[in-house]
Amino acid sequence: MATQYHSSYDPENSASHYTFLPDQHDSGHRKSLKIISGIFLSSLLLLSLVFFPILNNQSPDLQSNARSPAPPSRGVSQGVSDKTFRDVVNASHVSYAWSNAMLSWQRTAYHFQPQKNWMNDPNGPLYHKGWYHLFYQYNPDSAIWGNITWGHAVSKDLIHWLYLPFAMVPDQWYDINGVWTGSATILPDGQIMMLYTGDTDDYVQVQNLAYPANLSDPLLLDWVKYKGNPVLVPPPGIGVKDFRDPTTAWTGPQNGQWLLTIGSKIGKTGIALVYETSNFTSFKLLDEVLHAVPGTGMWECVDFYPVSTEKTNGLDTSYNGPGVKHVLKASLDDNKQDHYAIGTYDLTKNKWTPDNPELDCGIGLKLDYGKYYASKTFYDPKKQRRVLWGWIGETDSESADLQKGWASVQSIPRTVLYDKKTGTQLLQWPVEEIESLRAGDPIVKQANLQPGSIELLHVDSAAELDIEASFEVDKVTLQGIIEADHVGFSCSTSGGAASRGILGPFGVVVIADQTLSELTPVYFYISKGADGRAETHFCADQTRSSVAPGVAKQVYGSSVPVLDGEKHSMRLLVDHSIVESFAQGGRTVITSRIYPTKAVNGAARLFVFNNATGASVTASVKIWSLESANIRSFPLQDL
């Protein structure tokens, strides 16, 4: 029989906030009182989900806040996306009196980030002589964007990292205003060609070539910039600030030919230009673009790669043939989100066509429905997989970032596969190496969640977790209910987990304090129309993640296919101020940045809940505590 956890709050005794009630049959009056009180107190906690925003307006913690001016745009004048977070929902620019303890807690334990200062796009990831290499946009001088340099780190397992000296700095006329995003191409003889965008002394975006000084060096410490740089300048008809982020190259139909694409726009039409080369120093622009989508604006950080429709391994970027689809991904400057589409690539005509025009790149699917941008994949020959990196920016204030001394992290690397069951989506999943951080056996829990219930899950530390949870909705209710009023449900406009329907929301609450004054629910919501067709939505609600103003508090999410016979399943990687959430094996992914003030330093709690009004849910949960990754400087004596 499943153990039930009913929550109660005693303001006089912080040690008794939660009362454990075993799901066993007592006798007589005491049993009745326990059941009634448990239901009553659980209801009080559910009410807090609904009413806390009202109470929060009276919080005394906000009395010390001061209004601050809006931060300036960073990067826009140079032709790249704005690197300043803007809370468009709550644009009051009220600063918060963050304590050092709060800010220290925000730093992650197992996500890659530099020791200090600003970081953004992942660049040129590759595998070379036993080491995974990650290059990244970095400001060595401050926790805000500027003076972009290429940071460099290496790892044996994509989890534990060693910082290396900078790979490239802005020291030439063609990149003096920034060594921007680039990609690596590994030639058949092992040579590495690194093409990157430079911002010139006249603020023109050009493409440059760099290569390792010593290929026999596993760490690739020294890089040489080609003396003939730039190798590409904006072609006629393309703006000087609309020409950036070259991809990894793939082999063309002719012997010795390589092709690559660069993002741009014409008017409001996002485009992927294609160039051919045989030596990476001279290039020819092809007449036709790889693809274009009207209304999507500037395409940044374009990515283009094959996926197998038959096998479960990744493919080298140049692979093509039967049983292969191609993924086209663009980071849209207009909405700061990574969109992708799956389609067919005709190598001879150099034309990519989406399988479904309604899900074309920029108007359909997203890699991640939360805070995630400028992603880049690479082929890992060691494990024959395609690995995806993504930049997770901050959603707090610049002043807070300057106070804590750092900004942004990289996502946990994800494997990317074609979803053979749906045939319409990718599957993203954390690399298997993350499981090496699991500290011992998991905590395993089962809970029968009645409508309007929430239950505490006891863990030693709720700030560093790997959670796998599945939910079974009462079949009789699911089959018999029609909820036409909720057809057209959207996570972003729903009001969050406090908005109740017959069939949802239900899921997991992470980084909550004991009183639930701060909490971040990640959940499913099922809407079912008059036609009897159910649609499942996967959402992450940040509206009550913090009592502090000036941080993002929206609801992220999207619909997610749940096929016949599948349970509603999610996996959550919780790492202090970051939650990466994967639904249905990675069909839909959401990354959240949260900045609690109370659920920190041992005060964070974990719950499962069912806030539906008409359906009971059975939850099965596995919880692993995760150890910290070893991320440090490479020993100087070994360099």
# chains A, B, ... in the order shown; residues from 1 in each chain; ligands from 1
$ closest_atom_pairs --of "stretch 429-492 of chain A" --to "stretch 611-633 of chain A" --cutoff "10 Å" --atoms "only C-alpha atoms" --output "tab-separated table"
residue	atom	partner	partner_atom	distance
A:Ile434	CA	A:Leu626	CA	8.8
A:Glu435	CA	A:Leu626	CA	8.3
A:Ser436	CA	A:Leu626	CA	8.6
A:Leu437	CA	A:Glu627	CA	5.1
A:Arg438	CA	A:Leu626	CA	4.7
A:Ala439	CA	A:Ser625	CA	5.5
A:Gly440	CA	A:Trp624	CA	7.5
A:Asp441	CA	A:Trp624	CA	7.0
A:Pro442	CA	A:Trp624	CA	4.7
A:Ile443	CA	A:Ile623	CA	5.0
A:Val444	CA	A:Lys622	CA	4.7
A:Lys445	CA	A:Val621	CA	5.1
A:Gln446	CA	A:Ser620	CA	4.5
A:Ala447	CA	A:Ala619	CA	5.1
A:Asn448	CA	A:Thr618	CA	4.6
A:Leu449	CA	A:Val617	CA	5.1
A:Gln450	CA	A:Ser616	CA	4.5
A:Pro451	CA	A:Ala612	CA	5.2
A:Gly452	CA	A:Asn611	CA	4.5
A:Ser453	CA	A:Asn611	CA	6.4
A:Ile454	CA	A:Asn611	CA	7.9
A:Leu457	CA	A:Ile623	CA	9.2
A:His458	CA	A:Ile623	CA	9.8
A:Val459	CA	A:Ser625	CA	7.9
A:Asp460	CA	A:Ser625	CA	7.8
A:Ser461	CA	A:Ser625	CA	7.1
A:Ala462	CA	A:Ser625	CA	7.8
A:Ala463	CA	A:Ser625	CA	8.7
A:Glu464	CA	A:Leu626	CA	5.4
A:Leu465	CA	A:Ser625	CA	4.7
A:Asp466	CA	A:Trp624	CA	5.1
A:Ile467	CA	A:Ile623	CA	4.7
A:Glu468	CA	A:Lys622	CA	5.2
A:Ala469	CA	A:Val621	CA	4.3
A:Ser470	CA	A:Ser620	CA	5.3
A:Phe471	CA	A:Ala619	CA	4.6
A:Glu472	CA	A:Thr618	CA	5.1
A:Val473	CA	A:Val617	CA	4.6
A:Asp474	CA	A:Ser616	CA	5.6
A:Lys475	CA	A:Ala615	CA	8.9
A:Val476	CA	A:Ala615	CA	9.0
A:Thr477	CA	A:Ala615	CA	6.0
A:Leu478	CA	A:Ala615	CA	7.4
A:Ile481	CA	A:Gly614	CA	8.9
$ select_by_dssp --residues "stretch 337-523 of chain A" --states "strand (DSSP E or B)" --output "PyMOL selection string"
chain A and resi 337-346+351-354+366+373-380+385-392+406-407+409-410+414-418+426-430+438+443-449+453-457+464-473+501+504+506-512+520-523
$ residues_around --residues "A:Val307" --least-positions-apart "4" --cutoff "12 Å" --atoms "only C-alpha atoms" --output "PyMOL selection string"
chain A and resi 311-328+341-345+377+379+384-387+415-420+423+425-427
$ closest_residue --among "A:Asp189, A:Glu394, A:Asp199, A:Asp157" --to "A:Trp406" --atoms "only C-alpha atoms"
A:Glu394
$ closest_atom_pairs --of "stretch 233-299 of chain A" --to "stretch 119-130 of chain A" --cutoff "10 Å" --atoms "only C-alpha atoms" --output "tab-separated table"
residue	atom	partner	partner_atom	distance
A:Asp245	CA	A:Asn123	CA	9.5
A:Thr247	CA	A:Gly124	CA	9.0
A:Thr248	CA	A:Gly124	CA	8.3
$ select_by_dssp --residues "stretch 372-587 of chain A" --states "alpha helix (DSSP H)" --output "ChimeraX atom specification"
/A:398-404,475-480
$ write_last_selection --atoms "C-alpha atoms" --output "mmCIF file, in the first residue's frame"
data_model
loop_
_atom_site.group_PDB
_atom_site.id
_atom_site.type_symbol
_atom_site.label_atom_id
_atom_site.label_comp_id
_atom_site.auth_asym_id
_atom_site.auth_seq_id
_atom_site.Cartn_x
_atom_site.Cartn_y
_atom_site.Cartn_z
ATOM 1 C CA GLU A 398 22.077 42.907 -14.465
ATOM 2 C CA SER A 399 22.724 44.399 -11.056
ATOM 3 C CA ALA A 400 22.195 40.998 -9.439
ATOM 4 C CA ASP A 401 24.532 39.370 -11.957
ATOM 5 C CA LEU A 402 27.203 41.956 -11.245
ATOM 6 C CA GLN A 403 26.731 41.419 -7.536
ATOM 7 C CA LYS A 404 27.168 37.649 -7.777
ATOM 8 C CA LYS A 475 -8.989 5.724 -16.932
ATOM 9 C CA VAL A 476 -12.737 5.902 -16.267
ATOM 10 C CA THR A 477 -12.581 9.638 -15.717
ATOM 11 C CA LEU A 478 -10.215 10.209 -18.646
ATOM 12 C CA GLN A 479 -12.439 8.353 -21.064
ATOM 13 C CA GLY A 480 -15.718 9.790 -19.862
#
